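Visitor: Got structure-v8.cif for you, mmCIF, C-alpha atoms and all ligand atoms:
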```cif
data_model
#
loop_
_atom_site.label_atom_id
_atom_site.label_comp_id
_atom_site.auth_asym_id
_atom_site.auth_seq_id
_atom_site.Cartn_x
_atom_site.Cartn_y
_atom_site.Cartn_z
CA MET A 660 -110.67 155.25 -96.85
CA CYS A 661 -110.08 151.73 -98.11
CA LYS A 662 -112.82 149.45 -96.80
CA ALA A 663 -112.62 146.50 -99.22
CA PHE A 664 -110.12 144.61 -101.39
CA ILE A 665 -111.71 142.87 -104.39
CA PHE A 666 -109.54 140.10 -105.89
CA ASP A 667 -109.66 138.52 -109.32
CA LEU A 668 -108.89 134.80 -109.10
CA ASP A 669 -107.04 133.47 -112.13
CA GLY A 670 -103.54 134.89 -112.27
CA VAL A 671 -103.97 136.73 -108.92
CA ILE A 672 -104.85 134.21 -106.18
CA THR A 673 -103.43 131.25 -108.13
CA ASP A 674 -101.91 130.69 -111.57
CA THR A 675 -104.89 128.96 -113.17
CA ALA A 676 -104.27 131.03 -116.32
CA GLU A 677 -101.82 128.25 -117.26
CA LEU A 678 -104.44 125.53 -116.73
CA HIS A 679 -106.96 127.45 -118.86
CA PHE A 680 -104.27 127.58 -121.57
CA GLN A 681 -103.70 123.83 -121.41
CA ALA A 682 -107.44 123.07 -121.55
CA TRP A 683 -108.08 125.44 -124.49
CA SER A 684 -104.99 124.02 -126.27
CA LYS A 685 -106.39 120.48 -126.10
CA LEU A 686 -109.77 121.60 -127.47
CA ALA A 687 -108.16 123.66 -130.24
CA LEU A 688 -106.04 120.66 -131.28
CA GLU A 689 -109.10 118.39 -131.44
CA GLU A 690 -111.04 121.03 -133.42
CA ASN A 691 -108.10 121.86 -135.69
CA LEU A 692 -108.19 125.53 -134.57
CA VAL A 693 -105.12 127.79 -134.37
CA PHE A 694 -104.36 128.54 -130.70
CA THR A 695 -101.16 130.17 -129.42
CA ARG A 696 -99.89 131.78 -126.20
CA GLU A 697 -100.48 135.15 -127.88
CA ILE A 698 -104.15 134.32 -128.43
CA ASN A 699 -104.30 132.99 -124.84
CA GLU A 700 -103.13 136.37 -123.55
CA GLN A 701 -106.33 137.88 -125.02
CA LEU A 702 -108.37 135.46 -122.90
CA ARG A 703 -107.21 136.78 -119.50
CA GLY A 704 -110.22 137.83 -117.47
CA ILE A 705 -112.97 137.26 -119.99
CA SER A 706 -115.73 134.65 -119.87
CA ARG A 707 -115.58 131.11 -121.23
CA ARG A 708 -117.95 131.99 -124.07
CA ASP A 709 -116.13 135.21 -125.01
CA SER A 710 -112.87 133.21 -124.94
CA LEU A 711 -114.21 130.59 -127.35
CA ASP A 712 -115.48 133.30 -129.71
CA ILE A 713 -111.92 134.68 -129.86
CA ILE A 714 -110.43 131.21 -130.48
CA LEU A 715 -113.02 130.40 -133.18
CA ALA A 716 -112.13 133.65 -134.98
CA GLU A 717 -113.86 133.34 -138.37
CA ASN A 718 -114.59 129.59 -138.00
CA VAL A 719 -118.40 129.34 -137.79
CA ARG A 720 -119.97 126.79 -135.37
CA SER A 721 -123.62 126.27 -134.34
CA GLU A 722 -124.78 127.23 -130.83
CA SER A 723 -125.05 123.55 -129.89
CA GLN A 724 -121.52 122.85 -131.17
CA ILE A 725 -120.27 125.85 -129.15
CA ALA A 726 -122.04 124.62 -126.01
CA LYS A 727 -120.46 121.17 -126.44
CA MET A 728 -116.98 122.66 -127.02
CA MET A 729 -117.25 124.78 -123.85
CA GLU A 730 -118.29 121.70 -121.88
CA ARG A 731 -115.39 119.65 -123.26
CA LYS A 732 -112.93 122.43 -122.40
CA ASN A 733 -114.36 122.73 -118.90
CA ASP A 734 -114.15 118.96 -118.33
CA VAL A 735 -110.43 119.05 -119.18
CA TYR A 736 -110.00 122.15 -116.99
CA LEU A 737 -111.77 120.51 -114.03
CA ASP A 738 -109.49 117.49 -114.41
CA LEU A 739 -106.43 119.77 -114.31
CA LEU A 740 -107.85 121.54 -111.23
CA ASN A 741 -107.62 118.24 -109.34
CA SER A 742 -103.88 118.85 -109.15
CA ILE A 743 -104.00 122.19 -107.34
CA THR A 744 -103.34 122.49 -103.60
CA LYS A 745 -102.70 125.23 -100.99
CA ASP A 746 -99.12 125.32 -102.35
CA ASP A 747 -100.51 126.86 -105.54
CA ILE A 748 -101.56 130.07 -103.79
CA LEU A 749 -99.39 132.75 -105.41
CA PRO A 750 -96.59 134.33 -103.32
CA GLY A 751 -97.67 136.86 -100.67
CA ILE A 752 -101.39 136.36 -101.26
CA LEU A 753 -102.16 134.29 -98.14
CA GLU A 754 -100.29 136.83 -95.96
CA LEU A 755 -102.16 139.69 -97.66
CA LEU A 756 -105.55 138.02 -97.12
CA LEU A 757 -104.72 137.41 -93.43
CA GLU A 758 -103.52 141.03 -92.97
CA LEU A 759 -106.70 142.41 -94.56
CA ASN A 760 -108.83 140.23 -92.28
CA ALA A 761 -106.80 141.40 -89.25
CA ARG A 762 -107.45 145.03 -90.27
CA GLN A 763 -111.16 144.24 -90.81
CA ILE A 764 -110.93 145.33 -94.44
CA LYS A 765 -113.53 143.35 -96.40
CA VAL A 766 -112.14 140.68 -98.75
CA VAL A 767 -114.21 139.84 -101.83
CA LEU A 768 -113.64 137.71 -104.91
CA ALA A 769 -114.69 138.99 -108.36
CA SER A 770 -113.95 136.47 -111.08
CA ALA A 771 -115.41 135.62 -114.48
CA SER A 772 -114.82 131.97 -113.66
CA ARG A 773 -117.76 129.69 -112.98
CA ASN A 774 -115.27 127.43 -111.18
CA ALA A 775 -114.10 130.15 -108.79
CA ARG A 776 -115.86 128.90 -105.67
CA GLY A 777 -114.53 125.37 -106.14
CA ILE A 778 -110.99 126.64 -106.65
CA LEU A 779 -111.09 128.79 -103.48
CA LEU A 780 -112.35 125.73 -101.64
CA ARG A 781 -109.42 123.60 -102.91
CA LEU A 782 -107.00 126.32 -101.82
CA GLY A 783 -108.57 126.43 -98.33
CA LEU A 784 -109.24 130.18 -98.70
CA ILE A 785 -113.04 130.36 -98.40
CA PRO A 786 -112.93 131.41 -94.68
CA LEU A 787 -110.82 134.49 -95.59
CA PHE A 788 -113.44 135.87 -98.01
CA ASP A 789 -116.46 137.94 -96.96
CA ALA A 790 -118.22 137.40 -100.32
CA ILE A 791 -117.78 135.88 -103.78
CA ALA A 792 -118.88 137.25 -107.17
CA ASP A 793 -118.17 134.74 -109.93
CA GLY A 794 -119.06 133.76 -113.51
CA TRP A 795 -122.61 133.01 -112.37
CA SER A 796 -123.16 136.41 -110.70
CA VAL A 797 -123.46 138.81 -113.64
CA GLU A 798 -124.24 138.67 -117.38
CA ARG A 799 -121.58 140.95 -118.86
CA SER A 800 -117.98 139.89 -118.24
CA LYS A 801 -114.93 142.15 -117.87
CA PRO A 802 -114.11 144.77 -119.19
CA ALA A 803 -117.70 145.58 -118.17
CA PRO A 804 -117.62 146.76 -114.49
CA ASP A 805 -120.60 144.63 -113.47
CA VAL A 806 -118.79 141.93 -111.47
CA PHE A 807 -116.87 144.52 -109.41
CA ILE A 808 -120.02 146.58 -108.76
CA HIS A 809 -121.80 143.38 -107.71
CA ALA A 810 -118.88 142.40 -105.46
CA ALA A 811 -118.81 145.78 -103.66
CA GLY A 812 -122.59 145.61 -103.24
CA GLN A 813 -122.26 142.21 -101.54
CA VAL A 814 -120.32 143.82 -98.67
CA GLY A 815 -122.06 147.23 -98.74
CA VAL A 816 -118.90 149.22 -99.61
CA ASN A 817 -118.89 152.22 -101.99
CA ALA A 818 -116.84 151.80 -105.15
CA ASN A 819 -114.50 154.64 -104.18
CA ASP A 820 -113.62 152.79 -100.95
CA CYS A 821 -112.56 149.64 -102.87
CA VAL A 822 -109.20 148.42 -104.18
CA VAL A 823 -109.23 145.87 -107.01
CA VAL A 824 -106.37 143.40 -107.57
CA GLU A 825 -106.16 142.24 -111.22
CA ASP A 826 -103.75 140.61 -113.70
CA ALA A 827 -105.76 141.25 -116.87
CA GLN A 828 -106.10 144.36 -119.04
CA ALA A 829 -109.85 143.66 -119.20
CA GLY A 830 -109.93 143.42 -115.40
CA VAL A 831 -108.00 146.65 -114.80
CA GLU A 832 -110.35 148.43 -117.22
CA ALA A 833 -113.42 146.95 -115.47
CA GLY A 834 -112.17 148.07 -112.04
CA LYS A 835 -111.43 151.60 -113.22
CA THR A 836 -114.81 151.84 -114.96
CA ALA A 837 -116.41 150.74 -111.67
CA GLY A 838 -114.78 153.78 -110.01
CA MET A 839 -112.29 151.76 -107.96
CA LYS A 840 -108.53 152.00 -107.39
CA VAL A 841 -106.67 149.13 -109.05
CA ILE A 842 -103.47 147.19 -108.32
CA GLY A 843 -102.27 145.64 -111.59
CA ILE A 844 -100.07 142.54 -111.58
CA GLY A 845 -97.96 142.13 -114.71
CA PRO A 846 -96.18 144.14 -117.41
CA GLU A 847 -96.83 147.84 -118.05
CA SER A 848 -98.12 146.90 -121.52
CA ARG A 849 -100.91 144.83 -119.96
CA VAL A 850 -101.81 146.54 -116.69
CA GLY A 851 -100.30 150.02 -117.15
CA ALA A 852 -103.73 151.64 -116.61
CA ALA A 853 -103.74 150.51 -112.95
CA ASP A 854 -103.14 152.95 -110.06
CA TRP A 855 -100.30 150.75 -108.76
CA ARG A 856 -98.40 148.22 -110.90
CA VAL A 857 -96.33 145.31 -109.56
CA ASP A 858 -94.45 142.59 -111.45
CA ASP A 859 -95.82 139.82 -109.23
CA THR A 860 -98.10 139.16 -106.24
CA ALA A 861 -95.19 139.13 -103.76
CA ALA A 862 -94.53 142.81 -104.54
CA ILE A 863 -97.95 144.05 -103.40
CA ASN A 864 -97.23 146.55 -100.58
CA LEU A 865 -100.40 146.90 -98.49
CA LYS A 866 -98.96 149.63 -96.22
CA GLN A 867 -98.02 151.76 -99.24
CA VAL A 868 -101.44 151.23 -100.87
CA LEU A 869 -103.31 152.20 -97.69
CA GLU A 870 -101.09 155.29 -97.18
CA GLN A 871 -101.61 156.46 -100.78
CA PHE A 872 -105.28 155.54 -100.93
O1 LIG A 901 -114.24 128.64 -117.69
P1 LIG A 901 -114.34 129.33 -116.37
O2 LIG A 901 -113.69 128.60 -115.22
O3 LIG A 901 -115.77 129.78 -116.08
O4 LIG A 901 -113.45 130.69 -116.48
C1 LIG A 901 -113.87 131.81 -117.23
C2 LIG A 901 -112.73 132.82 -117.28
O5 LIG A 901 -112.30 133.13 -115.95
C3 LIG A 901 -111.29 134.15 -115.94
O6 LIG A 901 -110.94 134.45 -114.60
C4 LIG A 901 -110.04 133.69 -116.67
O7 LIG A 901 -109.05 134.71 -116.63
C5 LIG A 901 -110.43 133.35 -118.10
O8 LIG A 901 -109.29 132.87 -118.80
C6 LIG A 901 -111.55 132.31 -118.10
O9 LIG A 901 -111.97 132.05 -119.42
MG MG A 902 -107.13 137.09 -113.89
#
```
Transcribe the structure of this file into structure tokens.
Ligand SMILES: O=P(O)(O)OC[C@H]1O[C@@H](O)[C@H](O)[C@@H](O)[C@@H]1O
Ligand SMILES: [Mg+2]
Guide:
Amino acid sequence: MCKAFIFDLDGVITDTAELHFQAWSKLALEENLVFTREINEQLRGISRRDSLDIILAENVRSESQIAKMMERKNDVYLDLLNSITKDDILPGILELLLELNARQIKVVLASASRNARGILLRLGLIPLFDAIADGWSVERSKPAPDVFIHAAGQVGVNANDCVVVEDAQAGVEAGKTAGMKVIGIGPESRVGAADWRVDDTAAINLKQVLEQF
């Protein structure tokens, strides 16, 4: 029986995927690196460092240069985050979080972002979460299952009693590898491996998921 919902953050709770794109674009411009929306699609769900490795492609940089580039990107990203408010919670998500709390189904965050806690705070959603697993919680980022296993452990729920909500191919893969059911948000080509697929957050049907669980 479903005892916990584990949510990714970026692209699920709020559309910060766009802000990541803008911050990486600025860095790529300054560093004269090729960066496109196609490349950005590959960054969904993976860590800041894994993202930069993809953007660098065959351009070699020293570890200290890489550390500085990640810091510069994050500074731009944090600046962009100043603009987000409760209105940036994606459609249907607040209602879903409230319904899960009413049904006493645990609500956990599992994000690769090291800014996740601060973003939830800005959105006023911290009180609706029983636990948070973020970019500081585990070493290996998605598609490794680690962050979802850590999240379920935080609330003492077995993997097969968890539902994951993800927008990234890497995230869907991580949830499935963790032994969990997955709701995928986005096109079949990206999240087709999920147990349920919806085009957007407003289409998540909790009653149907719980009935089919
Ligand atoms: O740079 P941050 O905030 O730690 O985020 C790390 C990753 O967090 C993931 O949730 C995003 O989908 C990625 O695009 C991002 O790179
Ligand atoms: Mg995501």
Visitor: Rounded to one decimal, what separation in Å do you get between atom CA of Ala803 of chain A and atom CA of Asp738 of chain A?
Guide: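 Atom-to-atom, atom CA of Ala803 of chain A to atom CA of Asp738 of chain A, that is 29.5 Å.
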Visitor: Please, which residues in chain A fall within 7 Å of ligand MG 902 (chain A) when counting all atoms listed in the file, and what is the closest atom pair and distance in Å to one decimal for each, ordered by chain then residue number, as a Markdown table?
Guide:
```
| residue | atom | partner | partner_atom | distance |
| --- | --- | --- | --- | --- |
| A:Asp667 | CA | A:MG902 | MG | 5.4 |
| A:Leu668 | CA | A:MG902 | MG | 5.6 |
| A:Asp669 | CA | A:MG902 | MG | 4.0 |
| A:Gly670 | CA | A:MG902 | MG | 4.5 |
| A:Val671 | CA | A:MG902 | MG | 5.9 |
| A:Arg703 | CA | A:MG902 | MG | 5.6 |
| A:Gly704 | CA | A:MG902 | MG | 4.8 |
| A:Glu825 | CA | A:MG902 | MG | 5.9 |
| A:Asp826 | CA | A:MG902 | MG | 4.9 |
| A:Ala827 | CA | A:MG902 | MG | 5.3 |
```
Visitor: Leaving out Leu780 of chain A and any residue of its chain fewer than 5 positions from it, which residues lie within 10 Å of it when counting only C-alpha atoms, given as a list in words?
Guide: Thr744, Lys745, Ala775, Ile785 and Pro786 of chain A
Visitor: Residues proximal to (-103.9, 134.3, -98.6) were defined as those with any atom within 12 Å of that point in the file's coordinates, counting all atoms listed in the file. Which are they, as a ChimeraX atom specification?
Guide: /A:666,668,671-673,745-760,766,779,782-788,860-861
Visitor: Take the residues from that selection and write them out as a PDB file, in the coordinates of the input, keeping C-alpha atoms.
Guide:
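part_29.pdb, freshly written:
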```pdb
ATOM      1  CA  PHE A 666    -109.540 140.100-105.890  1.00  0.00           C
ATOM      2  CA  LEU A 668    -108.890 134.800-109.100  1.00  0.00           C
ATOM      3  CA  VAL A 671    -103.970 136.730-108.920  1.00  0.00           C
ATOM      4  CA  ILE A 672    -104.850 134.210-106.180  1.00  0.00           C
ATOM      5  CA  THR A 673    -103.430 131.250-108.130  1.00  0.00           C
ATOM      6  CA  LYS A 745    -102.700 125.230-100.990  1.00  0.00           C
ATOM      7  CA  ASP A 746     -99.120 125.320-102.350  1.00  0.00           C
ATOM      8  CA  ASP A 747    -100.510 126.860-105.540  1.00  0.00           C
ATOM      9  CA  ILE A 748    -101.560 130.070-103.790  1.00  0.00           C
ATOM     10  CA  LEU A 749     -99.390 132.750-105.410  1.00  0.00           C
ATOM     11  CA  PRO A 750     -96.590 134.330-103.320  1.00  0.00           C
ATOM     12  CA  GLY A 751     -97.670 136.860-100.670  1.00  0.00           C
ATOM     13  CA  ILE A 752    -101.390 136.360-101.260  1.00  0.00           C
ATOM     14  CA  LEU A 753    -102.160 134.290 -98.140  1.00  0.00           C
ATOM     15  CA  GLU A 754    -100.290 136.830 -95.960  1.00  0.00           C
ATOM     16  CA  LEU A 755    -102.160 139.690 -97.660  1.00  0.00           C
ATOM     17  CA  LEU A 756    -105.550 138.020 -97.120  1.00  0.00           C
ATOM     18  CA  LEU A 757    -104.720 137.410 -93.430  1.00  0.00           C
ATOM     19  CA  GLU A 758    -103.520 141.030 -92.970  1.00  0.00           C
ATOM     20  CA  LEU A 759    -106.700 142.410 -94.560  1.00  0.00           C
ATOM     21  CA  ASN A 760    -108.830 140.230 -92.280  1.00  0.00           C
ATOM     22  CA  VAL A 766    -112.140 140.680 -98.750  1.00  0.00           C
ATOM     23  CA  LEU A 779    -111.090 128.790-103.480  1.00  0.00           C
ATOM     24  CA  LEU A 782    -107.000 126.320-101.820  1.00  0.00           C
ATOM     25  CA  GLY A 783    -108.570 126.430 -98.330  1.00  0.00           C
ATOM     26  CA  LEU A 784    -109.240 130.180 -98.700  1.00  0.00           C
ATOM     27  CA  ILE A 785    -113.040 130.360 -98.400  1.00  0.00           C
ATOM     28  CA  PRO A 786    -112.930 131.410 -94.680  1.00  0.00           C
ATOM     29  CA  LEU A 787    -110.820 134.490 -95.590  1.00  0.00           C
ATOM     30  CA  PHE A 788    -113.440 135.870 -98.010  1.00  0.00           C
ATOM     31  CA  THR A 860     -98.100 139.160-106.240  1.00  0.00           C
ATOM     32  CA  ALA A 861     -95.190 139.130-103.760  1.00  0.00           C
TER      33      ALA A 861
END
```
Visitor: Which distance in Å separates atom CA of Gly812 of chain A and atom CA of Gly834 of chain A, to one decimal?
Guide: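 Answer for the atom CA of Gly812 of chain A to atom CA of Gly834 of chain A separation: 13.9 Å.
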Visitor: Neighbouring residues of ligand LIG 901 (chain A) are defined here as those with any atom at most 8 Å from a ligand atom, counting only C-alpha atoms and all ligand atoms; list them as a VMD selection string.
Guide: chain A and resid 667 to 670 675 to 676 679 to 680 699 702 to 710 729 732 to 733 736 770 to 775 794 827
Visitor: Pick out the residues sitting within 12 Å of Gly838 of chain A, and hand them over as a ChimeraX atom specification; count only C-alpha atoms, and ignore anything fewer than 5 positions along from it in its own chain.
Guide: /A:803-805,807-808,811,817-823,831-833,853-854
Visitor: Determine, counting all atoms listed in the file, which protein, DNA and RNA residues have an atom within 10 Å of an atom of Gly815 of chain A; residues of the same chain fewer than 5 positions away are not included. Present the result as a list of chain:residue names.
Guide: A:Lys662, A:Ala663, A:Lys765, A:His809, A:Ala810
Visitor: Quick one: distance from atom CA of Glu730 of chain A to atom CA of Glu700 of chain A in Å, one decimal?
Guide: 21.2 Å
Visitor: Counting all atoms listed in the file, find the residues whose atoms lie at most 9 Å from (-101.6, 148.1, -103.5) (file coordinates) and write them out as a list in words.
Guide: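 Applying the cut-off with all atoms listed in the file, one gets Val822, Val823, Val824, Lys840, Val841, Ile842, Gly843, Asp854, Trp855, Arg856, Val857, Ala862, Ile863, Asn864, Leu865, Lys866, Gln867, Val868, Leu869, Gln871 and Phe872 of chain A.
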Visitor: From the set A:Val806, A:Ile764, A:Leu715, A:Ile743, which residue has the shortest atom-to-atom contact distance to Ala792 of chain A, counting all atoms listed in the file?
Guide: A:Val806
Visitor: Neighbours of Leu740 of chain A within 9 Å (all atoms listed in the file; same-chain residues fewer than 5 positions away dropped), as a list in words?
Guide: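 The filter keeps Thr675, Leu678, Val735, Ile778 and Arg781 of chain A.
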